[in-house]
>>> print(open('run.pdb').read())   # PDB, C-alpha atoms
ATOM      1  CA  MET A 689     182.240 -41.351  -0.208  1.00  0.00           C
ATOM      2  CA  ILE A 690     181.717 -37.625  -0.236  1.00  0.00           C
ATOM      3  CA  LYS A 691     181.553 -36.097   3.227  1.00  0.00           C
ATOM      4  CA  LYS A 692     178.552 -34.150   4.492  1.00  0.00           C
ATOM      5  CA  ILE A 693     180.537 -30.908   4.517  1.00  0.00           C
ATOM      6  CA  ASN A 694     181.306 -31.353   0.819  1.00  0.00           C
ATOM      7  CA  TRP A 695     177.619 -31.970   0.071  1.00  0.00           C
ATOM      8  CA  LEU A 696     176.706 -28.830   1.988  1.00  0.00           C
ATOM      9  CA  PHE A 697     179.374 -26.883   0.100  1.00  0.00           C
ATOM     10  CA  LEU A 698     178.157 -28.080  -3.312  1.00  0.00           C
ATOM     11  CA  VAL A 699     174.436 -27.675  -2.560  1.00  0.00           C
ATOM     12  CA  ALA A 700     174.901 -24.254  -0.954  1.00  0.00           C
ATOM     13  CA  GLY A 701     177.217 -23.098  -3.734  1.00  0.00           C
ATOM     14  CA  THR A 702     174.774 -24.245  -6.411  1.00  0.00           C
ATOM     15  CA  LEU A 703     171.803 -22.561  -4.722  1.00  0.00           C
ATOM     16  CA  ILE A 704     173.702 -19.341  -4.003  1.00  0.00           C
ATOM     17  CA  MET A 705     174.966 -19.128  -7.571  1.00  0.00           C
ATOM     18  CA  LEU A 706     171.461 -19.828  -8.929  1.00  0.00           C
ATOM     19  CA  TYR A 707     170.207 -16.889  -6.875  1.00  0.00           C
ATOM     20  CA  VAL A 708     173.126 -14.609  -7.815  1.00  0.00           C
ATOM     21  CA  MET A 709     172.813 -15.362 -11.512  1.00  0.00           C
ATOM     22  CA  ALA A 710     169.029 -14.958 -11.498  1.00  0.00           C
ATOM     23  CA  SER A 711     169.419 -11.636  -9.688  1.00  0.00           C
ATOM     24  CA  THR A 712     172.189 -10.252 -11.875  1.00  0.00           C
ATOM     25  CA  GLY A 713     170.530 -11.523 -15.057  1.00  0.00           C
ATOM     26  CA  ARG A 714     167.050 -10.233 -14.250  1.00  0.00           C
ATOM     27  CA  THR A 715     167.226  -7.299 -16.682  1.00  0.00           C
ATOM     28  CA  LEU A 716     168.251  -9.614 -19.539  1.00  0.00           C
ATOM     29  CA  LYS A 717     164.618 -10.696 -19.822  1.00  0.00           C
ATOM     30  CA  THR A 718     163.053  -8.211 -22.212  1.00  0.00           C
ATOM     31  CA  THR A 719     160.172  -8.396 -24.666  1.00  0.00           C
ATOM     32  CA  ALA A 720     162.679  -9.315 -27.394  1.00  0.00           C
ATOM     33  CA  THR A 721     164.557 -11.760 -25.118  1.00  0.00           C
ATOM     34  CA  PRO A 722     161.945 -13.334 -22.811  1.00  0.00           C
ATOM     35  CA  LEU A 723     164.314 -16.158 -21.834  1.00  0.00           C
ATOM     36  CA  GLY A 724     167.147 -13.804 -20.890  1.00  0.00           C
ATOM     37  CA  ILE A 725     170.621 -15.275 -21.327  1.00  0.00           C
ATOM     38  CA  LEU A 726     169.088 -18.437 -22.817  1.00  0.00           C
ATOM     39  CA  ASN A 727     168.121 -16.388 -25.866  1.00  0.00           C
ATOM     40  CA  LEU A 728     171.827 -15.814 -26.473  1.00  0.00           C
ATOM     41  CA  GLU A 729     172.738 -19.453 -25.729  1.00  0.00           C
ATOM     42  CA  PHE A 730     170.264 -20.673 -28.360  1.00  0.00           C
ATOM     43  CA  ALA A 731     170.934 -17.953 -30.973  1.00  0.00           C
ATOM     44  CA  TYR A 732     172.322 -20.253 -33.668  1.00  0.00           C
ATOM     45  CA  THR A 733     173.037 -17.629 -36.349  1.00  0.00           C
ATOM     46  CA  SER A 734     174.842 -14.310 -36.261  1.00  0.00           C
ATOM     47  CA  ASP A 735     171.559 -12.597 -37.191  1.00  0.00           C
ATOM     48  CA  LYS A 736     169.870 -14.070 -34.107  1.00  0.00           C
ATOM     49  CA  VAL A 737     172.847 -13.092 -31.927  1.00  0.00           C
ATOM     50  CA  ASN A 738     172.751  -9.550 -33.317  1.00  0.00           C
ATOM     51  CA  THR A 739     169.013  -9.360 -32.551  1.00  0.00           C
ATOM     52  CA  VAL A 740     169.758 -10.276 -28.926  1.00  0.00           C
ATOM     53  CA  LEU A 741     172.650  -7.819 -28.733  1.00  0.00           C
ATOM     54  CA  GLU A 742     170.489  -5.066 -30.214  1.00  0.00           C
ATOM     55  CA  ALA A 743     167.757  -5.747 -27.646  1.00  0.00           C
ATOM     56  CA  TRP A 744     170.334  -5.502 -24.856  1.00  0.00           C
ATOM     57  CA  SER A 745     172.131  -2.412 -26.109  1.00  0.00           C
ATOM     58  CA  PRO A 746     171.805   0.726 -23.997  1.00  0.00           C
ATOM     59  CA  GLY A 747     169.325   3.264 -25.273  1.00  0.00           C
ATOM     60  CA  ARG A 748     166.536   0.830 -26.183  1.00  0.00           C
ATOM     61  CA  SER A 749     163.685   0.931 -23.656  1.00  0.00           C
ATOM     62  CA  ASN A 750     165.941   2.091 -20.816  1.00  0.00           C
ATOM     63  CA  SER A 751     169.517   3.100 -20.101  1.00  0.00           C
ATOM     64  CA  THR A 752     170.572  -0.314 -18.777  1.00  0.00           C
ATOM     65  CA  ASP A 753     173.616  -1.750 -20.527  1.00  0.00           C
ATOM     66  CA  ASN A 754     172.414  -5.341 -20.664  1.00  0.00           C
ATOM     67  CA  ILE A 755     175.395  -6.386 -22.751  1.00  0.00           C
ATOM     68  CA  ARG A 756     177.652  -5.505 -19.828  1.00  0.00           C
ATOM     69  CA  ILE A 757     175.275  -7.326 -17.485  1.00  0.00           C
ATOM     70  CA  ALA A 758     175.306 -10.392 -19.766  1.00  0.00           C
ATOM     71  CA  ILE A 759     179.114 -10.363 -19.771  1.00  0.00           C
ATOM     72  CA  LYS A 760     179.127 -10.250 -15.961  1.00  0.00           C
ATOM     73  CA  ASN A 761     176.484 -13.005 -15.806  1.00  0.00           C
ATOM     74  CA  THR A 762     178.523 -15.178 -18.170  1.00  0.00           C
ATOM     75  CA  TRP A 763     181.664 -14.748 -16.059  1.00  0.00           C
ATOM     76  CA  LEU A 764     179.644 -15.719 -12.969  1.00  0.00           C
ATOM     77  CA  ASP A 765     178.572 -18.862 -14.807  1.00  0.00           C
ATOM     78  CA  PHE A 766     182.182 -20.069 -14.654  1.00  0.00           C
ATOM     79  CA  ILE A 767     181.735 -20.284 -10.869  1.00  0.00           C
ATOM     80  CA  PHE A 768     178.254 -21.795 -11.120  1.00  0.00           C
ATOM     81  CA  LEU A 769     179.312 -24.574 -13.500  1.00  0.00           C
ATOM     82  CA  PHE A 770     181.884 -25.753 -10.980  1.00  0.00           C
ATOM     83  CA  PHE A 771     179.181 -26.247  -8.350  1.00  0.00           C
ATOM     84  CA  TYR A 772     176.361 -27.723 -10.422  1.00  0.00           C
ATOM     85  CA  SER A 773     178.486 -30.133 -12.446  1.00  0.00           C
ATOM     86  CA  LEU A 774     180.201 -31.559  -9.359  1.00  0.00           C
ATOM     87  CA  LEU A 775     176.914 -31.770  -7.459  1.00  0.00           C
ATOM     88  CA  LEU A 776     175.252 -33.686 -10.304  1.00  0.00           C
ATOM     89  CA  PHE A 777     178.348 -35.870 -10.725  1.00  0.00           C
ATOM     90  CA  TYR A 778     178.550 -36.907  -7.072  1.00  0.00           C
ATOM     91  CA  ALA A 779     174.797 -37.410  -6.731  1.00  0.00           C
ATOM     92  CA  CYS A 780     174.677 -39.678  -9.797  1.00  0.00           C
ATOM     93  CA  MET A 781     177.741 -41.631  -8.639  1.00  0.00           C
ATOM     94  CA  ILE A 782     176.370 -42.210  -5.145  1.00  0.00           C
ATOM     95  CA  ILE A 783     172.939 -43.235  -6.398  1.00  0.00           C
ATOM     96  CA  SER A 784     174.445 -45.534  -9.035  1.00  0.00           C
ATOM     97  CA  GLY A 785     176.445 -47.213  -6.269  1.00  0.00           C
ATOM     98  CA  SER A 786     173.195 -48.397  -4.701  1.00  0.00           C
ATOM     99  CA  CYS A 787     171.885 -49.787  -7.982  1.00  0.00           C
ATOM    100  CA  SER A 788     172.929 -52.678 -10.138  1.00  0.00           C
ATOM    101  CA  GLY A 789     172.908 -53.576 -13.795  1.00  0.00           C
ATOM    102  CA  PHE A 790     171.497 -51.047 -16.234  1.00  0.00           C
ATOM    103  CA  PHE A 791     170.650 -48.384 -13.608  1.00  0.00           C
ATOM    104  CA  GLN A 792     174.128 -48.526 -12.137  1.00  0.00           C
ATOM    105  CA  LYS A 793     175.737 -48.119 -15.572  1.00  0.00           C
ATOM    106  CA  LEU A 794     173.264 -45.378 -16.470  1.00  0.00           C
ATOM    107  CA  GLY A 795     174.114 -43.477 -13.282  1.00  0.00           C
ATOM    108  CA  MET A 796     177.832 -43.724 -13.946  1.00  0.00           C
ATOM    109  CA  PHE A 797     177.305 -42.611 -17.559  1.00  0.00           C
ATOM    110  CA  LEU A 798     175.188 -39.640 -16.432  1.00  0.00           C
ATOM    111  CA  ALA A 799     177.742 -38.746 -13.748  1.00  0.00           C
ATOM    112  CA  MET A 800     180.377 -38.426 -16.446  1.00  0.00           C
ATOM    113  CA  GLY A 801     177.831 -36.556 -18.539  1.00  0.00           C
ATOM    114  CA  ALA A 802     177.449 -34.030 -15.710  1.00  0.00           C
ATOM    115  CA  LEU A 803     181.182 -33.344 -15.766  1.00  0.00           C
ATOM    116  CA  ASN A 804     181.062 -33.016 -19.541  1.00  0.00           C
ATOM    117  CA  ALA A 805     178.153 -30.585 -19.163  1.00  0.00           C
ATOM    118  CA  GLY A 806     180.480 -28.397 -17.110  1.00  0.00           C
ATOM    119  CA  LEU A 807     183.170 -28.578 -19.804  1.00  0.00           C
ATOM    120  CA  LEU A 808     180.637 -27.748 -22.511  1.00  0.00           C
ATOM    121  CA  ASP A 809     179.439 -24.831 -20.388  1.00  0.00           C
ATOM    122  CA  ILE A 810     182.995 -23.459 -20.453  1.00  0.00           C
ATOM    123  CA  ALA A 811     183.041 -23.662 -24.266  1.00  0.00           C
ATOM    124  CA  GLU A 812     179.549 -22.147 -24.477  1.00  0.00           C
ATOM    125  CA  ASN A 813     180.573 -19.266 -22.200  1.00  0.00           C
ATOM    126  CA  ALA A 814     183.629 -18.609 -24.352  1.00  0.00           C
ATOM    127  CA  GLY A 815     181.418 -18.411 -27.445  1.00  0.00           C
ATOM    128  CA  MET A 816     178.978 -16.082 -25.725  1.00  0.00           C
ATOM    129  CA  LEU A 817     181.766 -13.808 -24.472  1.00  0.00           C
ATOM    130  CA  ILE A 818     183.162 -13.569 -27.992  1.00  0.00           C
ATOM    131  CA  SER A 819     179.714 -12.601 -29.297  1.00  0.00           C
ATOM    132  CA  LEU A 820     179.022 -10.210 -26.418  1.00  0.00           C
ATOM    133  CA  ASN A 821     182.242  -8.398 -27.269  1.00  0.00           C
ATOM    134  CA  GLY A 822     180.987  -7.718 -30.788  1.00  0.00           C
ATOM    135  CA  PHE A 823     182.615 -10.542 -32.724  1.00  0.00           C
ATOM    136  CA  THR A 824     179.646 -12.384 -34.176  1.00  0.00           C
ATOM    137  CA  SER A 825     179.682 -15.036 -36.848  1.00  0.00           C
ATOM    138  CA  ASN A 826     177.531 -17.965 -37.879  1.00  0.00           C
ATOM    139  CA  SER A 827     180.325 -20.350 -36.822  1.00  0.00           C
ATOM    140  CA  ILE A 828     180.604 -18.941 -33.304  1.00  0.00           C
ATOM    141  CA  SER A 829     176.818 -18.812 -32.960  1.00  0.00           C
ATOM    142  CA  MET A 830     176.359 -22.416 -34.067  1.00  0.00           C
ATOM    143  CA  PHE A 831     179.243 -23.618 -31.890  1.00  0.00           C
ATOM    144  CA  THR A 832     177.775 -21.864 -28.844  1.00  0.00           C
ATOM    145  CA  THR A 833     174.312 -23.279 -29.490  1.00  0.00           C
ATOM    146  CA  ILE A 834     175.567 -26.840 -30.032  1.00  0.00           C
ATOM    147  CA  CYS A 835     177.563 -26.682 -26.781  1.00  0.00           C
ATOM    148  CA  SER A 836     174.531 -25.259 -24.983  1.00  0.00           C
ATOM    149  CA  VAL A 837     172.059 -27.860 -26.258  1.00  0.00           C
ATOM    150  CA  ILE A 838     174.337 -30.790 -25.411  1.00  0.00           C
ATOM    151  CA  LYS A 839     175.100 -29.255 -21.992  1.00  0.00           C
ATOM    152  CA  TRP A 840     171.391 -28.908 -21.209  1.00  0.00           C
ATOM    153  CA  VAL A 841     170.629 -32.461 -22.354  1.00  0.00           C
ATOM    154  CA  LEU A 842     173.416 -33.879 -20.181  1.00  0.00           C
ATOM    155  CA  ALA A 843     172.625 -31.780 -17.101  1.00  0.00           C
ATOM    156  CA  LEU A 844     168.863 -32.329 -17.280  1.00  0.00           C
ATOM    157  CA  SER A 845     169.365 -36.077 -17.856  1.00  0.00           C
ATOM    158  CA  ALA A 846     171.529 -36.280 -14.733  1.00  0.00           C
ATOM    159  CA  LEU A 847     168.927 -34.291 -12.796  1.00  0.00           C
ATOM    160  CA  ALA A 848     166.136 -36.600 -14.023  1.00  0.00           C
ATOM    161  CA  TYR A 849     168.168 -39.640 -12.921  1.00  0.00           C
ATOM    162  CA  ILE A 850     168.661 -38.096  -9.476  1.00  0.00           C
ATOM    163  CA  LEU A 851     164.966 -37.254  -9.115  1.00  0.00           C
ATOM    164  CA  LEU A 852     163.801 -40.673 -10.323  1.00  0.00           C
ATOM    165  CA  ALA A 853     166.440 -42.962  -8.797  1.00  0.00           C
ATOM    166  CA  GLY A 854     167.130 -40.802  -5.734  1.00  0.00           C
ATOM    167  CA  PRO A 855     164.018 -41.874  -3.808  1.00  0.00           C
ATOM    168  CA  PHE A 856     165.002 -45.512  -4.385  1.00  0.00           C
ATOM    169  CA  PHE A 857     168.448 -44.739  -2.972  1.00  0.00           C
ATOM    170  CA  VAL A 858     166.943 -43.049   0.098  1.00  0.00           C
ATOM    171  CA  TYR A 859     164.501 -45.915   0.622  1.00  0.00           C
ATOM    172  CA  LYS A 860     167.300 -48.461   0.357  1.00  0.00           C
ATOM    173  CA  ARG A 861     169.439 -46.548   2.892  1.00  0.00           C
ATOM    174  CA  MET A 862     166.541 -46.190   5.329  1.00  0.00           C
ATOM    175  CA  LYS A 863     165.720 -49.888   5.019  1.00  0.00           C
ATOM    176  CA  LYS A 864     169.375 -50.769   5.660  1.00  0.00           C
ATOM    177  CA  ASN A 865     169.481 -48.703   8.868  1.00  0.00           C
TER     178      ASN A 865
END
>>> encode(input="run.pdb", output="structure tokens")
Amino acid sequence: MIKKINWLFLVAGTLIMLYVMASTGRTLKTTATPLGILNLEFAYTSDKVNTVLEAWSPGRSNSTDNIRIAIKNTWLDFIFLFFYSLLLFYACMIISGSCSGFFQKLGMFLAMGALNAGLLDIAENAGMLISLNGFTSNSISMFTTICSVIKWVLALSALAYILLAGPFFVYKRMKKN
């Protein structure tokens, strides 16, 4: 069983990295890219990637080099993915341990999915860094988008499991004590 200090480490790390990435990526939200870095994650063609890169290039509406900021934000995501994927993994595993049958198997499946979300995030980040450094292609764009979509499905599914089955787990633990 994961110790309380490890939980604190994973929760704090996830929350800190959420804040850091939101802060550093704030300028990536423009009129052309209202979703910020997500616009690049979901840009499935080189034309769409180039539209994002053009919107982030210095000299548009201000002198901010948002491409450089996006590169920094993407590198920070390598730290963030460590925290969120392990947090989702452990939470799903612990909750599934209090369940039986389908919900136990689902929790274990989603726990592994959370780890795979982290691996897909690594691949997605690699694709985005390639594009952010000026090497755009339809293949890289599609690869990045596919990794991103699957990552989001896996991570959000694990989060939904935690939010829906978590209260049952807490209730069961309180009833036991």
>>> residues_around(input="run.pdb", residues="Phe831 in chain A", least_positions_apart="6", cutoff="10 Å", atoms="all atoms listed in the file", output="list in words")
Glu729, Tyr732, Thr733, Ala811, Glu812, Gly815, Met816 and Ser825 of chain A
>>> resolve_selection(input="run.pdb", expression="the PyMOL selection byres ((chain A and resi 839-843) around 7)", output="list in words")
Gly801, Ala802, Ala805, Leu808, Asp809, Cys835, Ser836, Val837, Ile838, Leu844, Ser845, Ala846 and Leu847 of chain A
>>> atom_distance(input="run.pdb", atom1="CA of Tyr778 in chain A", atom2="CA of Leu807 in chain A")
15.9 Å
>>> residues_around(input="run.pdb", residues="Ala814 in chain A", least_positions_apart="3", cutoff="10 Å", atoms="all atoms listed in the file", output="ChimeraX atom specification")
/A:762-763,766,808-811,817-820,828,832
>>> atom_distance(input="run.pdb", atom1="CA of Val737 in chain A", atom2="CA of Ile704 in chain A")
28.6 Å
>>> closest_residue(input="run.pdb", among="A:Leu698, A:Cys787, A:Leu764, A:Ala710", to="Tyr859 in chain A", atoms="all atoms listed in the file")
A:Cys787
>>> resolve_selection(input="run.pdb", expression="the PyMOL selection byres ((chain A and resi 774) around 9)", output="PyMOL selection string")
chain A and resi 698+769-773+775-779+799+802-803+806
>>> resolve_selection(input="run.pdb", expression="the PyMOL selection byres ((chain A and resi 755) around 9)", output="list in words")
Leu716, Leu741, Trp744, Ser745, Pro746, Thr752, Asp753, Asn754, Arg756, Ile757, Ala758, Ile759, Lys760, Leu820 and Asn821 of chain A
>>> atom_distance(input="run.pdb", atom1="CA of Met781 in chain A", atom2="CA of Met705 in chain A")
22.7 Å
>>> closest_residue(input="run.pdb", among="A:Met796, A:Ala700, A:Leu706, A:Ala731", to="Met830 in chain A", atoms="all atoms listed in the file")
A:Ala731
>>> closest_residue(input="run.pdb", among="A:Pro722, A:Asp765, A:Val740, A:Lys864", to="Gly822 in chain A", atoms="all atoms listed in the file")
A:Val740
>>> closest_residue(input="run.pdb", among="A:Asn694, A:Ser751, A:Ser784, A:Ser711", to="Ala853 in chain A", atoms="only C-alpha atoms")
A:Ser784
